[in-house]
file query19.cif (mmCIF, C-alpha atoms and all ligand atoms)
data_final
loop_
_atom_site.label_atom_id
_atom_site.label_comp_id
_atom_site.auth_asym_id
_atom_site.auth_seq_id
_atom_site.Cartn_x
_atom_site.Cartn_y
_atom_site.Cartn_z
CA MET A 1110 44.17 27.35 -16.81
CA PRO A 1111 40.78 26.03 -18.01
CA PRO A 1112 39.43 23.12 -15.95
CA ASP A 1113 40.25 19.69 -17.29
CA VAL A 1114 36.77 18.38 -17.97
CA SER A 1115 38.03 14.89 -18.64
CA THR A 1116 39.16 14.49 -15.01
CA PRO A 1117 36.26 13.39 -12.82
CA MET A 1118 35.37 15.59 -9.87
CA LEU A 1119 34.67 12.48 -7.81
CA GLU A 1120 35.82 8.92 -8.32
CA LEU A 1121 34.97 5.83 -6.34
CA LYS A 1122 37.43 3.10 -7.17
CA ASN A 1123 36.70 -0.46 -6.10
CA LEU A 1124 35.07 0.95 -2.98
CA HIS A 1125 34.10 -1.43 -0.19
CA VAL A 1126 32.11 -0.43 2.90
CA ALA A 1127 31.10 -2.79 5.71
CA TYR A 1128 29.16 -2.74 8.95
CA GLY A 1129 31.23 -5.22 10.96
CA GLN A 1130 30.87 -8.52 9.11
CA ILE A 1131 28.13 -7.19 6.81
CA GLN A 1132 29.51 -6.14 3.43
CA ALA A 1133 27.14 -3.37 2.32
CA VAL A 1134 29.17 -1.99 -0.63
CA LYS A 1135 31.23 -4.57 -2.51
CA GLY A 1136 33.74 -2.90 -4.77
CA ILE A 1137 31.96 -0.21 -6.76
CA ASP A 1138 33.31 2.21 -9.37
CA ILE A 1139 31.54 5.51 -9.90
CA ALA A 1140 32.75 8.70 -11.60
CA LEU A 1141 31.13 12.13 -11.56
CA HIS A 1142 32.13 15.06 -13.73
CA THR A 1143 31.70 18.72 -12.87
CA GLY A 1144 28.20 20.00 -13.62
CA GLU A 1145 26.56 16.60 -13.92
CA LEU A 1146 23.37 15.36 -12.30
CA VAL A 1147 23.92 11.65 -11.70
CA SER A 1148 21.48 9.29 -10.01
CA LEU A 1149 22.03 6.16 -8.02
CA ILE A 1150 18.95 3.96 -8.06
CA GLY A 1151 18.22 0.49 -6.72
CA ALA A 1152 16.02 -1.52 -4.39
CA ASN A 1153 15.92 -1.13 -0.61
CA GLY A 1154 19.10 -2.38 1.01
CA ALA A 1155 21.14 -2.14 -2.21
CA GLY A 1156 23.79 0.01 -0.51
CA LYS A 1157 22.92 3.46 -1.85
CA THR A 1158 22.77 5.29 1.48
CA THR A 1159 25.94 3.53 2.61
CA THR A 1160 27.68 4.79 -0.54
CA LEU A 1161 26.61 8.40 0.04
CA ASN A 1162 27.68 8.26 3.67
CA ALA A 1163 31.08 6.90 2.70
CA ILE A 1164 31.53 9.76 0.23
CA ALA A 1165 30.48 12.30 2.86
CA GLY A 1166 32.82 10.73 5.40
CA THR A 1167 30.16 9.81 7.95
CA LEU A 1168 31.05 6.12 7.42
CA PRO A 1169 34.58 4.75 7.06
CA ILE A 1170 35.51 2.82 3.95
CA ALA A 1171 36.92 -0.70 4.26
CA SER A 1172 39.04 -0.59 1.09
CA GLY A 1173 39.28 1.05 -2.29
CA ASP A 1174 39.76 4.72 -3.07
CA LEU A 1175 37.76 7.89 -2.89
CA ILE A 1176 39.24 10.61 -5.11
CA TYR A 1177 37.83 14.15 -4.96
CA ASP A 1178 39.29 16.97 -7.04
CA GLY A 1179 42.22 14.71 -7.83
CA ALA A 1180 43.10 14.05 -4.17
CA ARG A 1181 42.60 10.87 -2.20
CA ILE A 1182 40.19 11.67 0.65
CA ASN A 1183 39.74 8.16 2.12
CA ASN A 1184 40.62 9.32 5.61
CA LEU A 1185 39.61 12.98 5.49
CA PRO A 1186 37.18 13.79 8.36
CA ALA A 1187 33.62 14.62 7.31
CA HIS A 1188 33.79 18.30 8.36
CA LEU A 1189 36.89 18.86 6.24
CA ARG A 1190 35.05 17.39 3.27
CA VAL A 1191 32.34 20.01 3.85
CA HIS A 1192 35.09 22.66 3.81
CA ARG A 1193 36.14 21.36 0.43
CA GLY A 1194 32.64 21.76 -0.97
CA LEU A 1195 31.15 18.32 -0.42
CA ALA A 1196 27.73 18.44 1.27
CA LEU A 1197 25.25 15.70 2.16
CA VAL A 1198 21.51 16.05 2.66
CA PRO A 1199 20.92 12.83 4.60
CA GLU A 1200 18.01 10.45 4.40
CA GLY A 1201 15.46 11.65 6.94
CA ARG A 1202 16.74 15.22 6.41
CA GLY A 1203 18.54 15.63 9.75
CA ILE A 1204 17.16 19.06 10.51
CA PHE A 1205 17.20 20.47 14.06
CA THR A 1206 13.50 20.26 14.90
CA ARG A 1207 13.63 22.59 17.92
CA LEU A 1208 15.48 25.36 16.14
CA THR A 1209 13.81 27.85 13.85
CA VAL A 1210 14.03 27.63 10.11
CA GLU A 1211 16.49 30.53 10.05
CA GLU A 1212 18.68 28.97 12.75
CA ASN A 1213 18.76 25.73 10.78
CA LEU A 1214 19.80 27.58 7.65
CA ARG A 1215 22.59 29.42 9.44
CA MET A 1216 23.88 26.13 10.86
CA GLY A 1217 24.57 25.20 7.25
CA ALA A 1218 27.08 28.04 7.05
CA TYR A 1219 28.93 26.96 10.21
CA VAL A 1220 32.00 25.90 8.26
CA ARG A 1221 32.32 29.42 6.89
CA HIS A 1222 33.34 31.15 10.10
CA HIS A 1223 35.88 33.56 8.65
CA ARG A 1224 34.76 37.20 8.92
CA SER A 1225 35.37 37.78 5.24
CA GLU A 1226 32.62 35.26 4.51
CA ARG A 1227 29.87 37.16 6.34
CA ALA A 1228 28.64 39.29 3.46
CA GLN A 1229 28.73 36.33 1.09
CA ILE A 1230 26.67 34.25 3.53
CA GLU A 1231 23.92 36.90 3.44
CA ILE A 1232 24.03 36.86 -0.38
CA ASP A 1233 23.76 33.07 -0.29
CA MET A 1234 20.79 33.31 2.12
CA GLN A 1235 19.00 35.48 -0.47
CA ARG A 1236 19.87 32.99 -3.17
CA VAL A 1237 18.33 30.18 -1.09
CA PHE A 1238 15.21 32.32 -0.49
CA GLU A 1239 14.80 32.85 -4.22
CA MET A 1240 15.15 29.16 -4.89
CA LEU A 1241 12.99 28.11 -1.94
CA PRO A 1242 10.39 30.85 -1.31
CA ARG A 1243 8.47 28.56 1.02
CA VAL A 1244 11.46 28.42 3.34
CA LYS A 1245 11.67 32.21 3.39
CA GLU A 1246 7.98 32.50 4.37
CA ARG A 1247 8.63 30.32 7.42
CA LEU A 1248 11.92 31.75 8.69
CA LYS A 1249 10.82 32.25 12.30
CA GLN A 1250 8.86 29.01 12.53
CA VAL A 1251 10.19 26.11 14.61
CA ALA A 1252 11.50 23.59 12.06
CA GLY A 1253 9.78 20.61 13.69
CA THR A 1254 6.38 22.11 12.80
CA LEU A 1255 7.10 22.22 9.06
CA SER A 1256 5.51 19.68 6.71
CA GLY A 1257 7.70 16.87 5.38
CA GLY A 1258 8.14 18.65 2.06
CA GLU A 1259 9.06 21.92 3.73
CA GLN A 1260 11.57 20.12 5.94
CA GLN A 1261 13.17 18.62 2.84
CA MET A 1262 13.40 22.07 1.25
CA LEU A 1263 14.98 23.38 4.45
CA ALA A 1264 17.52 20.53 4.52
CA ILE A 1265 18.51 21.34 0.95
CA GLY A 1266 18.71 25.06 1.73
CA ARG A 1267 20.90 24.36 4.73
CA ALA A 1268 23.28 22.27 2.64
CA LEU A 1269 23.46 25.04 0.02
CA LEU A 1270 24.64 27.46 2.70
CA SER A 1271 27.86 25.49 3.02
CA ARG A 1272 28.47 26.52 -0.64
CA PRO A 1273 28.83 23.00 -1.98
CA ARG A 1274 30.36 22.18 -5.33
CA LEU A 1275 29.16 18.61 -4.99
CA LEU A 1276 25.81 17.95 -3.35
CA LEU A 1277 24.83 14.45 -2.24
CA LEU A 1278 21.06 14.04 -1.91
CA ASP A 1279 19.68 10.95 -0.19
CA GLU A 1280 16.09 10.16 -1.17
CA PRO A 1281 14.85 13.76 -1.15
CA SER A 1282 11.38 12.82 -2.42
CA MET A 1283 10.78 10.04 0.09
CA GLY A 1284 7.35 10.18 1.71
CA LEU A 1285 6.34 13.41 0.00
CA ALA A 1286 3.06 14.25 -1.72
CA PRO A 1287 3.31 14.29 -5.55
CA LEU A 1288 3.23 18.08 -5.71
CA PHE A 1289 6.24 18.32 -3.41
CA VAL A 1290 8.06 15.58 -5.30
CA GLU A 1291 7.75 17.71 -8.44
CA LYS A 1292 8.97 20.78 -6.59
CA ILE A 1293 11.96 18.91 -5.19
CA PHE A 1294 12.97 17.85 -8.71
CA GLU A 1295 12.58 21.45 -9.92
CA VAL A 1296 14.84 22.61 -7.09
CA VAL A 1297 17.43 19.94 -7.90
CA GLN A 1298 17.46 21.10 -11.51
CA SER A 1299 17.93 24.73 -10.53
CA ILE A 1300 20.83 23.73 -8.25
CA VAL A 1301 22.49 21.96 -11.18
CA ARG A 1302 21.88 25.00 -13.42
CA GLU A 1303 23.80 27.08 -10.89
CA GLY A 1304 26.81 24.86 -11.48
CA VAL A 1305 26.60 22.49 -8.52
CA THR A 1306 27.32 18.84 -9.32
CA VAL A 1307 24.69 16.51 -7.84
CA LEU A 1308 24.70 12.83 -6.91
CA LEU A 1309 21.11 11.84 -6.24
CA VAL A 1310 19.90 8.68 -4.53
CA GLU A 1311 16.26 8.19 -5.42
CA GLN A 1312 13.54 5.63 -4.94
CA ASN A 1313 11.52 7.43 -7.61
CA ALA A 1314 13.59 5.88 -10.39
CA ASN A 1315 11.33 7.16 -13.13
CA LEU A 1316 11.81 10.84 -12.27
CA ALA A 1317 15.45 10.38 -11.33
CA LEU A 1318 16.29 8.85 -14.72
CA LYS A 1319 14.25 11.45 -16.59
CA PHE A 1320 16.22 14.30 -15.10
CA SER A 1321 19.70 12.78 -14.81
CA GLN A 1322 22.42 12.90 -17.44
CA ARG A 1323 23.70 9.56 -16.20
CA ALA A 1324 22.76 6.97 -13.65
CA TYR A 1325 24.04 3.88 -11.88
CA VAL A 1326 21.90 0.97 -10.79
CA MET A 1327 22.91 -0.70 -7.57
CA ASP A 1328 21.93 -4.16 -6.38
CA GLY A 1329 23.31 -6.19 -3.47
CA GLY A 1330 26.19 -3.78 -2.88
CA CYS A 1331 27.34 -3.81 -6.54
CA ILE A 1332 26.79 -1.57 -9.56
CA THR A 1333 24.86 -3.75 -11.99
CA LEU A 1334 24.13 -1.24 -14.75
CA SER A 1335 25.11 2.26 -15.75
CA GLY A 1336 24.41 4.59 -18.64
CA THR A 1337 22.61 7.76 -19.62
CA GLY A 1338 19.34 8.44 -17.80
CA GLU A 1339 17.56 8.19 -21.15
CA ALA A 1340 19.08 4.79 -22.00
CA LEU A 1341 18.32 3.31 -18.59
CA LEU A 1342 14.77 4.65 -18.70
CA HIS A 1343 14.22 2.48 -21.76
CA ASP A 1344 16.22 -0.53 -20.58
CA PRO A 1345 13.87 -3.52 -20.16
CA LYS A 1346 15.74 -4.77 -17.07
CA VAL A 1347 15.41 -1.38 -15.40
CA ARG A 1348 11.79 -1.07 -16.44
CA SER A 1349 10.82 -4.42 -14.95
CA ALA A 1350 12.90 -4.18 -11.78
CA TYR A 1351 12.61 -0.51 -10.84
CA LEU A 1352 9.87 1.13 -12.86
CA GLY A 1353 7.11 -1.28 -11.94
CA GLU A 1354 6.59 -2.71 -15.41
CA VAL A 1355 5.58 -6.32 -15.00
CA ASN A 1356 5.71 -7.24 -18.69
CA ALA A 1357 8.71 -5.21 -19.75
CA GLU A 1358 10.77 -8.22 -20.85
P1 LIG A 1401 17.29 2.01 1.51
O1 LIG A 1401 16.65 2.58 0.30
O2 LIG A 1401 16.45 0.98 2.20
O3 LIG A 1401 17.90 3.02 2.43
P2 LIG A 1401 19.96 1.51 0.52
O4 LIG A 1401 20.19 1.08 -0.89
O5 LIG A 1401 20.23 2.92 0.85
O6 LIG A 1401 18.50 1.11 0.94
P3 LIG A 1401 21.72 0.87 2.68
O7 LIG A 1401 20.91 1.61 3.68
O8 LIG A 1401 22.97 1.46 2.23
O9 LIG A 1401 20.82 0.54 1.41
O10 LIG A 1401 21.99 -0.59 3.24
C1 LIG A 1401 22.85 -1.53 2.59
C2 LIG A 1401 22.97 -2.79 3.44
O11 LIG A 1401 23.66 -2.50 4.65
C3 LIG A 1401 21.65 -3.41 3.84
O12 LIG A 1401 21.79 -4.79 3.79
C4 LIG A 1401 21.45 -2.92 5.25
O13 LIG A 1401 20.68 -3.84 5.99
C5 LIG A 1401 22.86 -2.85 5.77
N1 LIG A 1401 23.00 -1.79 6.79
C6 LIG A 1401 22.68 -0.48 6.65
N2 LIG A 1401 22.94 0.21 7.78
C7 LIG A 1401 23.45 -0.69 8.65
C8 LIG A 1401 23.92 -0.61 9.99
N3 LIG A 1401 23.95 0.56 10.66
N4 LIG A 1401 24.35 -1.74 10.58
C9 LIG A 1401 24.34 -2.92 9.91
N5 LIG A 1401 23.91 -3.06 8.65
C10 LIG A 1401 23.46 -1.98 8.02
#

call {"tool": "encode", "arguments": {"input": "query19.cif", "output": "structure tokens"}}
result
Amino acid sequence: MPPDVSTPMLELKNLHVAYGQIQAVKGIDIALHTGELVSLIGANGAGKTTTLNAIAGTLPIASGDLIYDGARINNLPAHLRVHRGLALVPEGRGIFTRLTVEENLRMGAYVRHHRSERAQIEIDMQRVFEMLPRVKERLKQVAGTLSGGEQQMLAIGRALLSRPRLLLLDEPSMGLAPLFVEKIFEVVQSIVREGVTVLLVEQNANLALKFSQRAYVMDGGCITLSGTGEALLHDPKVRSAYLGEVNAE
């Protein structure tokens, strides 16, 4: 049966997430369709990272629904979400600094422990090397000695080794030199071309909107705007608030 493209791959319905008494996400609705690159932009503290962590299952949700592939996954443990093809590259990258680059990559495949997966894991390693040649050049190097940009590439490569169908990327360009920022966006595009759906949280709103089919703007725990990347890029409110244009309105 052909896939039903009208059914979202991921749906957040009236999702609330709190840290004790602090309401960080206040009832948001987001939908992602297979094959899309969708961005979530917004100021510091808007609730973007909290949203990604709730989707990945590293933070519990307070109320609302999280629907993935048509099933409610509100209470599914994080590692079982990885099994189902949902991978997060966290803010700060979360790589194992004392392990080598290769060891870090192989950790990404830890959910695929069945013997029948072994050959496919090696094929996927080659695929990651093609996409991230810089990672391949540094396979035996201790990951903590990589540059920030290289560590980000490694974190993405590691996530790809879990064979995600939906990749959640939290601020992948943060703190990187412009050349690396460009490279990261090229890598994200090639991941999408390979058929992986991507939800991208980005502080570089300009680039994020340029490359995304659709985007959501978050402010104070709520979604305040949404639309195509192109439309939001030209929206005066977005331009003045997030693209640094003082006289946009
Ligand atoms: P940034 O770009 O700064 O990471 P963000 O949009 O990702 O911002 P979040 O990190 O999701 O925002 O934070 C949303 C809100 O939740 C903020 O008010 C923040 O102070 C609060 N918050 C985040 N983490 C915690 C925590 N561990 N405990 C308490 N409050 C938190």

call {"tool": "residues_around", "arguments": {"input": "query19.cif", "residues": "Leu1146 in chain A", "least_positions_apart": "2", "cutoff": "8 Å", "atoms": "all atoms listed in the file", "output": "number ranges by chain"}}
result
A: 1144, 1148, 1301, 1306-1309, 1320-1323

call {"tool": "closest_atom_pairs", "arguments": {"input": "query19.cif", "of": "chain A", "to": "ligand LIG 1401 (chain A)", "cutoff": "12 Å", "atoms": "only C-alpha atoms and all ligand atoms", "output": "JSON lines"}}
result
{"residue": "A:His1125", "atom": "CA", "partner": "A:LIG1401", "partner_atom": "O11", "distance": 11.6}
{"residue": "A:Val1126", "atom": "CA", "partner": "A:LIG1401", "partner_atom": "O11", "distance": 8.9}
{"residue": "A:Ala1127", "atom": "CA", "partner": "A:LIG1401", "partner_atom": "O11", "distance": 7.5}
{"residue": "A:Tyr1128", "atom": "CA", "partner": "A:LIG1401", "partner_atom": "C9", "distance": 4.9}
{"residue": "A:Gly1129", "atom": "CA", "partner": "A:LIG1401", "partner_atom": "C9", "distance": 7.3}
{"residue": "A:Gln1130", "atom": "CA", "partner": "A:LIG1401", "partner_atom": "C9", "distance": 8.6}
{"residue": "A:Ile1131", "atom": "CA", "partner": "A:LIG1401", "partner_atom": "N5", "distance": 6.2}
{"residue": "A:Gln1132", "atom": "CA", "partner": "A:LIG1401", "partner_atom": "O11", "distance": 7.0}
{"residue": "A:Ala1133", "atom": "CA", "partner": "A:LIG1401", "partner_atom": "O11", "distance": 4.3}
{"residue": "A:Val1134", "atom": "CA", "partner": "A:LIG1401", "partner_atom": "C1", "distance": 7.1}
{"residue": "A:Lys1135", "atom": "CA", "partner": "A:LIG1401", "partner_atom": "C1", "distance": 10.3}
{"residue": "A:Leu1149", "atom": "CA", "partner": "A:LIG1401", "partner_atom": "O4", "distance": 8.9}
{"residue": "A:Ile1150", "atom": "CA", "partner": "A:LIG1401", "partner_atom": "O4", "distance": 7.8}
{"residue": "A:Gly1151", "atom": "CA", "partner": "A:LIG1401", "partner_atom": "O4", "distance": 6.2}
{"residue": "A:Ala1152", "atom": "CA", "partner": "A:LIG1401", "partner_atom": "O4", "distance": 6.0}
{"residue": "A:Asn1153", "atom": "CA", "partner": "A:LIG1401", "partner_atom": "O2", "distance": 3.6}
{"residue": "A:Gly1154", "atom": "CA", "partner": "A:LIG1401", "partner_atom": "O9", "distance": 3.4}
{"residue": "A:Ala1155", "atom": "CA", "partner": "A:LIG1401", "partner_atom": "O4", "distance": 3.6}
{"residue": "A:Gly1156", "atom": "CA", "partner": "A:LIG1401", "partner_atom": "O8", "distance": 3.2}
{"residue": "A:Lys1157", "atom": "CA", "partner": "A:LIG1401", "partner_atom": "O4", "distance": 3.7}
{"residue": "A:Thr1158", "atom": "CA", "partner": "A:LIG1401", "partner_atom": "O5", "distance": 3.5}
{"residue": "A:Thr1159", "atom": "CA", "partner": "A:LIG1401", "partner_atom": "O8", "distance": 3.6}
{"residue": "A:Thr1160", "atom": "CA", "partner": "A:LIG1401", "partner_atom": "O8", "distance": 6.4}
{"residue": "A:Leu1161", "atom": "CA", "partner": "A:LIG1401", "partner_atom": "O8", "distance": 8.1}
{"residue": "A:Asn1162", "atom": "CA", "partner": "A:LIG1401", "partner_atom": "O8", "distance": 8.4}
{"residue": "A:Ala1163", "atom": "CA", "partner": "A:LIG1401", "partner_atom": "O8", "distance": 9.8}
{"residue": "A:Thr1167", "atom": "CA", "partner": "A:LIG1401", "partner_atom": "N3", "distance": 11.5}
{"residue": "A:Leu1168", "atom": "CA", "partner": "A:LIG1401", "partner_atom": "N3", "distance": 9.6}
{"residue": "A:Pro1169", "atom": "CA", "partner": "A:LIG1401", "partner_atom": "N3", "distance": 12.0}
{"residue": "A:Pro1199", "atom": "CA", "partner": "A:LIG1401", "partner_atom": "O3", "distance": 10.5}
{"residue": "A:Glu1200", "atom": "CA", "partner": "A:LIG1401", "partner_atom": "O3", "distance": 7.7}
{"residue": "A:Gly1201", "atom": "CA", "partner": "A:LIG1401", "partner_atom": "O3", "distance": 10.0}
{"residue": "A:Leu1278", "atom": "CA", "partner": "A:LIG1401", "partner_atom": "O5", "distance": 11.5}
{"residue": "A:Asp1279", "atom": "CA", "partner": "A:LIG1401", "partner_atom": "O5", "distance": 8.1}
{"residue": "A:Glu1280", "atom": "CA", "partner": "A:LIG1401", "partner_atom": "O1", "distance": 7.7}
{"residue": "A:Pro1281", "atom": "CA", "partner": "A:LIG1401", "partner_atom": "O1", "distance": 11.4}
{"residue": "A:Ser1282", "atom": "CA", "partner": "A:LIG1401", "partner_atom": "O1", "distance": 11.8}
{"residue": "A:Met1283", "atom": "CA", "partner": "A:LIG1401", "partner_atom": "O1", "distance": 9.5}
{"residue": "A:Leu1309", "atom": "CA", "partner": "A:LIG1401", "partner_atom": "O5", "distance": 11.4}
{"residue": "A:Val1310", "atom": "CA", "partner": "A:LIG1401", "partner_atom": "O5", "distance": 7.9}
{"residue": "A:Glu1311", "atom": "CA", "partner": "A:LIG1401", "partner_atom": "O1", "distance": 8.0}
{"residue": "A:Gln1312", "atom": "CA", "partner": "A:LIG1401", "partner_atom": "O1", "distance": 6.8}
{"residue": "A:Asn1313", "atom": "CA", "partner": "A:LIG1401", "partner_atom": "O1", "distance": 10.6}
{"residue": "A:Ala1314", "atom": "CA", "partner": "A:LIG1401", "partner_atom": "O1", "distance": 11.6}
{"residue": "A:Tyr1325", "atom": "CA", "partner": "A:LIG1401", "partner_atom": "O4", "distance": 12.0}
{"residue": "A:Val1326", "atom": "CA", "partner": "A:LIG1401", "partner_atom": "O4", "distance": 10.0}
{"residue": "A:Met1327", "atom": "CA", "partner": "A:LIG1401", "partner_atom": "O4", "distance": 7.4}
{"residue": "A:Asp1328", "atom": "CA", "partner": "A:LIG1401", "partner_atom": "O4", "distance": 7.8}
{"residue": "A:Gly1329", "atom": "CA", "partner": "A:LIG1401", "partner_atom": "O12", "distance": 7.5}
{"residue": "A:Gly1330", "atom": "CA", "partner": "A:LIG1401", "partner_atom": "C1", "distance": 6.8}
{"residue": "A:Cys1331", "atom": "CA", "partner": "A:LIG1401", "partner_atom": "O4", "distance": 10.3}
{"residue": "A:Ile1332", "atom": "CA", "partner": "A:LIG1401", "partner_atom": "O4", "distance": 11.2}

call {"tool": "residues_around", "arguments": {"input": "query19.cif", "residues": "Tyr1177 in chain A", "least_positions_apart": "5", "cutoff": "10 Å", "atoms": "only C-alpha atoms", "output": "short mmCIF file (atom, residue, chain, number, x, y, z; two decimals) with C-alpha atoms, in the frame of the given file"}}
result
data_model
loop_
_atom_site.label_atom_id
_atom_site.label_comp_id
_atom_site.auth_asym_id
_atom_site.auth_seq_id
_atom_site.Cartn_x
_atom_site.Cartn_y
_atom_site.Cartn_z
CA PRO A 1117 36.26 13.39 -12.82
CA MET A 1118 35.37 15.59 -9.87
CA LEU A 1119 34.67 12.48 -7.81
CA GLU A 1120 35.82 8.92 -8.32
CA LEU A 1121 34.97 5.83 -6.34
CA ALA A 1140 32.75 8.70 -11.60
CA LEU A 1141 31.13 12.13 -11.56
CA ILE A 1164 31.53 9.76 0.23
CA ILE A 1182 40.19 11.67 0.65
CA ASN A 1183 39.74 8.16 2.12
CA ARG A 1190 35.05 17.39 3.27
CA ARG A 1193 36.14 21.36 0.43
CA LEU A 1195 31.15 18.32 -0.42
CA LEU A 1275 29.16 18.61 -4.99
#

call {"tool": "residues_around", "arguments": {"input": "query19.cif", "residues": "range 1208-1223 of chain A", "least_positions_apart": "4", "cutoff": "6 Å", "atoms": "all atoms listed in the file", "output": "list of chain:residue names"}}
result
A:Leu1248, A:Lys1249, A:Gln1250, A:Val1251, A:Ala1252, A:Arg1267, A:Ala1268, A:Leu1270, A:Ser1271

call {"tool": "atom_distance", "arguments": {"input": "query19.cif", "atom1": "CA of Phe1238 in chain A", "atom2": "CA of Met1262 in chain A"}}
result
10.6 Å

call {"tool": "atom_distance", "arguments": {"input": "query19.cif", "atom1": "CA of Ala1264 in chain A", "atom2": "CA of Val1237 in chain A"}}
result
11.2 Å

call {"tool": "residues_around", "arguments": {"input": "query19.cif", "residues": "Ser1299 in chain A", "least_positions_apart": "5", "cutoff": "9 Å", "atoms": "only C-alpha atoms", "output": "CSV table (one decimal) with C-alpha atoms, in the coordinates of the input"}}
result
chain,number,residue,atom,x,y,z
A,1240,MET,CA,15.2,29.2,-4.9
A,1294,PHE,CA,13.0,17.8,-8.7
A,1304,GLY,CA,26.8,24.9,-11.5

call {"tool": "residues_around", "arguments": {"input": "query19.cif", "residues": "Thr1254 in chain A", "least_positions_apart": "6", "cutoff": "9 Å", "atoms": "only C-alpha atoms", "output": "PyMOL selection string"}}
result
chain A and resi 1206-1207+1260

call {"tool": "closest_residue", "arguments": {"input": "query19.cif", "among": "A:Gly1173, A:Gly1179, A:Gly1353, A:Pro1345", "to": "Thr1116 in chain A", "atoms": "all atoms listed in the file"}}
result
A:Gly1179

call {"tool": "axis_aligned_box", "arguments": {"input": "query19.cif", "around": "range 1175-1193 of chain A", "padding_each_side": "4 Å", "output": "lines of an AutoDock Vina configuration file"}}
result
center_x = 37.7
center_y = 15.3
center_z = 0.3
size_x = 18.8
size_y = 22.8
size_z = 24.2

call {"tool": "atom_distance", "arguments": {"input": "query19.cif", "atom1": "CA of Leu1288 in chain A", "atom2": "CA of Arg1272 in chain A"}}
result
27.1 Å

call {"tool": "closest_residue", "arguments": {"input": "query19.cif", "among": "A:Ile1230, A:Leu1175, A:Leu1276, A:Ala1180", "to": "Thr1143 in chain A", "atoms": "all atoms listed in the file"}}
result
A:Leu1276

call {"tool": "closest_residue", "arguments": {"input": "query19.cif", "among": "A:Val1297, A:Ile1232, A:Leu1124, A:Val1244", "to": "Ile1170 in chain A", "atoms": "all atoms listed in the file"}}
result
A:Leu1124

call {"tool": "build_atoms", "arguments": {"input": "query19.cif", "residues": "range 1249-1253 of chain A", "atoms": "all heavy atoms", "output": "PDB file, in the coordinates of the input"}}
result
ATOM      1  N   LYS A1249      10.845  32.209  10.825  1.00  0.00           N
ATOM      2  CA  LYS A1249      10.820  32.250  12.300  1.00  0.00           C
ATOM      3  C   LYS A1249      10.103  31.052  12.911  1.00  0.00           C
ATOM      4  O   LYS A1249       9.977  30.942  14.120  1.00  0.00           O
ATOM      5  CB  LYS A1249      10.141  33.553  12.776  1.00  0.00           C
ATOM      6  CG  LYS A1249      10.828  34.824  12.281  1.00  0.00           C
ATOM      7  CD  LYS A1249      12.246  34.944  12.853  1.00  0.00           C
ATOM      8  CE  LYS A1249      13.010  36.064  12.156  1.00  0.00           C
ATOM      9  NZ  LYS A1249      14.463  35.888  12.248  1.00  0.00           N
ATOM     10  N   GLN A1250       9.603  30.177  12.049  1.00  0.00           N
ATOM     11  CA  GLN A1250       8.860  29.010  12.530  1.00  0.00           C
ATOM     12  C   GLN A1250       9.818  27.936  13.055  1.00  0.00           C
ATOM     13  O   GLN A1250      10.916  27.766  12.512  1.00  0.00           O
ATOM     14  CB  GLN A1250       8.037  28.467  11.361  1.00  0.00           C
ATOM     15  CG  GLN A1250       6.952  27.489  11.755  1.00  0.00           C
ATOM     16  CD  GLN A1250       6.024  27.196  10.566  1.00  0.00           C
ATOM     17  OE1 GLN A1250       5.710  28.079   9.781  1.00  0.00           O
ATOM     18  NE2 GLN A1250       5.611  25.952  10.446  1.00  0.00           N
ATOM     19  N   VAL A1251       9.381  27.207  14.096  1.00  0.00           N
ATOM     20  CA  VAL A1251      10.190  26.110  14.610  1.00  0.00           C
ATOM     21  C   VAL A1251      10.182  24.992  13.554  1.00  0.00           C
ATOM     22  O   VAL A1251       9.126  24.611  13.051  1.00  0.00           O
ATOM     23  CB  VAL A1251       9.616  25.607  15.962  1.00  0.00           C
ATOM     24  CG1 VAL A1251      10.349  24.355  16.428  1.00  0.00           C
ATOM     25  CG2 VAL A1251       9.719  26.712  16.993  1.00  0.00           C
ATOM     26  N   ALA A1252      11.375  24.487  13.218  1.00  0.00           N
ATOM     27  CA  ALA A1252      11.500  23.590  12.060  1.00  0.00           C
ATOM     28  C   ALA A1252      10.681  22.307  12.207  1.00  0.00           C
ATOM     29  O   ALA A1252      10.177  21.773  11.226  1.00  0.00           O
ATOM     30  CB  ALA A1252      12.974  23.265  11.822  1.00  0.00           C
ATOM     31  N   GLY A1253      10.526  21.842  13.465  1.00  0.00           N
ATOM     32  CA  GLY A1253       9.780  20.610  13.690  1.00  0.00           C
ATOM     33  C   GLY A1253       8.310  20.714  13.309  1.00  0.00           C
ATOM     34  O   GLY A1253       7.624  19.700  13.167  1.00  0.00           O
TER      35      GLY A1253
END
